[in-house]
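Since the structure comes first, as structure tokens, the remarks are kept for the end.
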Amino acid sequence: MFVQEEKIFAGKVLKIHICTMDGAELLEEVTEDTTVEKLKERCLKHHVHGSLEDPKTLTHHKLIHAATERLLNDTKTVAEENLKDKDVLLLIKKRPPPTAPKMADVSSEEKKKQDNKAPDKDAILKATASLSTRHTDRTVTQHNIRDFQTELRKILVSLIEVAQKLLALNPDAVELFKKANAMLDEDEEDRVDETALQQLTEMGFPESRAIKALRLNHMSVTQAMEWLIEHVDDPSVDSPLPGQDSTGAAGAAAAAAAAAPATSCPNLRQDELTEIFKRIRRKREFRPDSRAVIALMEMGFDEKEVIDALRVNNNQQDAACEWLLGDRKPSPEDLDKGIDTNSPLFQAILENPVVQLGLTNPKTLLAFEDMLENPLNSTQWMNDPETGPVMLQISRIFQTLNRT
């Protein structure tokens, strides 16, 4: 029997499946010592049905092992690439490299970018230099839209004066003053904002610590949370706050008034009543944020002007800093100015029945005083069943007249 020499020395024959990008399938029988390049050449000859006229055709194609998505090296053999019988290979044409843009194309692209570039300030001023000025009153019109928080302070100042006069005319004025002062001396634990407390306890803070943090930070959830985080390792964090002295000037004044005969109530002079309310206001004086005071003083500002800035800007450190660096408007003195009592807004507020009834309640007066000096407590009074309806009516009236 005659056997060809190459068959005697040939290695193991493998059947390799070849798939092309256009969906054709080829079956090639190769030995283990066949190079990948030779296999690729045989595939291309079958694929193009003839010889490879263009030598670049071979280098422009590649074989990929389908199972492992591995690119095969042309110089290695089938055995070196660890190909097995019935393996599937993909015959893919290499993606041509992107052609370098011509100089003319580059120049036109750069020119297009320049044309689409936004004009700078100088270009705008130059292009609009010959235009006439219009709508110069636009800024004034925008400033005519009043801010509720700014106007609310003026409203409260004027309403406090009205409430003082109404309470002074009441035959039970002394009892009302005693009641007002008692409210002022209530245990602070009865004044904790329940909504703010719930937010802190839901974050995982103990209730006792949350109450202490809220009392120290004027019921501000954000500032209370920061205080709790800063003092988490403080051994005195759970120590109770020191009690407040309840024997102040306002208490003495109210006690003296209570000791007086009831028949003398109508004869109390207006200046005496005003002095009592001034003492009550001092009891609710503004308490600046200590951390904000330190931070602003470290910037070089005097302590007094820092406290003024925080008072004007409701204890907001960033706003206080801008006020100190700016024209300092409004001034601290402007905070004590009330709204024009003859304005339609103030008249509409006074004509509201809910407001009229609220002004005869000493608690409403205390709420107004407290919100003047500590605006962060406004939420607490808005949620109060006695003072909340009054504040809601004031807000609605303001919004209605402001839109018209």
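FYI, nothing fancy with the structure tokens labels: chains A, B, ... in order, residues from 1 per chain, ligands from 1 as they appear.
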*What lies within 10 Å of A:Pro330 using only C-alpha atoms, ignoring chain neighbours under 5 positions off, as a PyMOL selection string?*
chain A and resi 150+309+312-313+323+335
Go ahead and dump the residues you just picked, N, CA, C and O atoms, as a short mmCIF file (atom, residue, chain, number, x, y, z; two decimals), in the first residue's frame.
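What ended up in selection.cif:
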data_model
loop_
_atom_site.label_atom_id
_atom_site.label_comp_id
_atom_site.auth_asym_id
_atom_site.auth_seq_id
_atom_site.Cartn_x
_atom_site.Cartn_y
_atom_site.Cartn_z
N THR A 150 -39.54 89.90 55.15
CA THR A 150 -39.15 91.27 55.46
C THR A 150 -40.34 92.08 55.97
O THR A 150 -40.24 92.81 56.96
N ALA A 309 -25.49 91.91 62.76
CA ALA A 309 -25.64 91.24 61.46
C ALA A 309 -26.48 89.98 61.59
O ALA A 309 -27.35 89.69 60.76
N VAL A 312 -30.17 90.94 62.19
CA VAL A 312 -30.83 91.41 60.97
C VAL A 312 -31.13 90.24 60.05
O VAL A 312 -32.16 90.23 59.35
N ASN A 313 -30.23 89.23 60.03
CA ASN A 313 -30.35 88.13 59.06
C ASN A 313 -30.79 86.81 59.69
O ASN A 313 -30.45 85.74 59.20
N TRP A 323 -24.03 90.77 54.65
CA TRP A 323 -24.50 92.05 55.19
C TRP A 323 -23.33 92.87 55.71
O TRP A 323 -23.25 94.08 55.47
N LEU A 335 -35.20 97.44 62.10
CA LEU A 335 -35.96 96.28 62.54
C LEU A 335 -37.09 96.65 63.49
O LEU A 335 -38.05 95.90 63.64
#
*Can you pull out every residue within 9 Å of A:Val192, counting only C-alpha atoms, but drop anything in the same chain fewer than 6 positions away, and send it as a VMD selection string?*
chain A and resid 211 214 to 215 219 380
Would you output that residue set with C-alpha atoms, as an mmCIF file, in the first residue's frame?
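Below is the file out02.cif, written as the result:
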data_model
loop_
_atom_site.group_PDB
_atom_site.id
_atom_site.type_symbol
_atom_site.label_atom_id
_atom_site.label_comp_id
_atom_site.auth_asym_id
_atom_site.auth_seq_id
_atom_site.Cartn_x
_atom_site.Cartn_y
_atom_site.Cartn_z
ATOM 1 C CA ILE A 211 -34.605 68.094 73.377
ATOM 2 C CA LEU A 214 -33.223 71.950 70.183
ATOM 3 C CA ARG A 215 -33.417 74.195 73.238
ATOM 4 C CA MET A 219 -35.546 74.791 67.652
ATOM 5 C CA GLN A 380 -43.250 76.579 66.531
#
*Can you work out which one of A:Ile229, A:Val237, A:Val221, A:Leu216 has the shortest atom-to-atom distance to A:Pro288, counting only C-alpha atoms?*
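Under the stated criterion, the closest residue is A:Leu216.
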_Selected residue of minimal separation from A:Pro385 among A:Glu41, A:Ala168, A:Leu350, A:Thr364, counting only C-alpha atoms_ = A:Thr364
What's the 12 Å shell around A:Glu351, counting only C-alpha atoms, without same-chain residues fewer than 6 positions away, as a JSON list (two decimals) with C-alpha atoms, in the first residue's frame?
[["chain", "number", "residue", "atom", "x", "y", "z"],
["A", 344, "PRO", "CA", -54.28, 98.76, 52.76],
["A", 345, "LEU", "CA", -52.33, 95.73, 53.96],
["A", 357, "LEU", "CA", -59.74, 87.84, 68.38],
["A", 359, "LEU", "CA", -54.89, 90.24, 69.51],
["A", 393, "GLN", "CA", -54.55, 84.75, 58.18],
["A", 394, "ILE", "CA", -51.74, 87.32, 58.11],
["A", 397, "ILE", "CA", -53.85, 88.50, 53.41]]
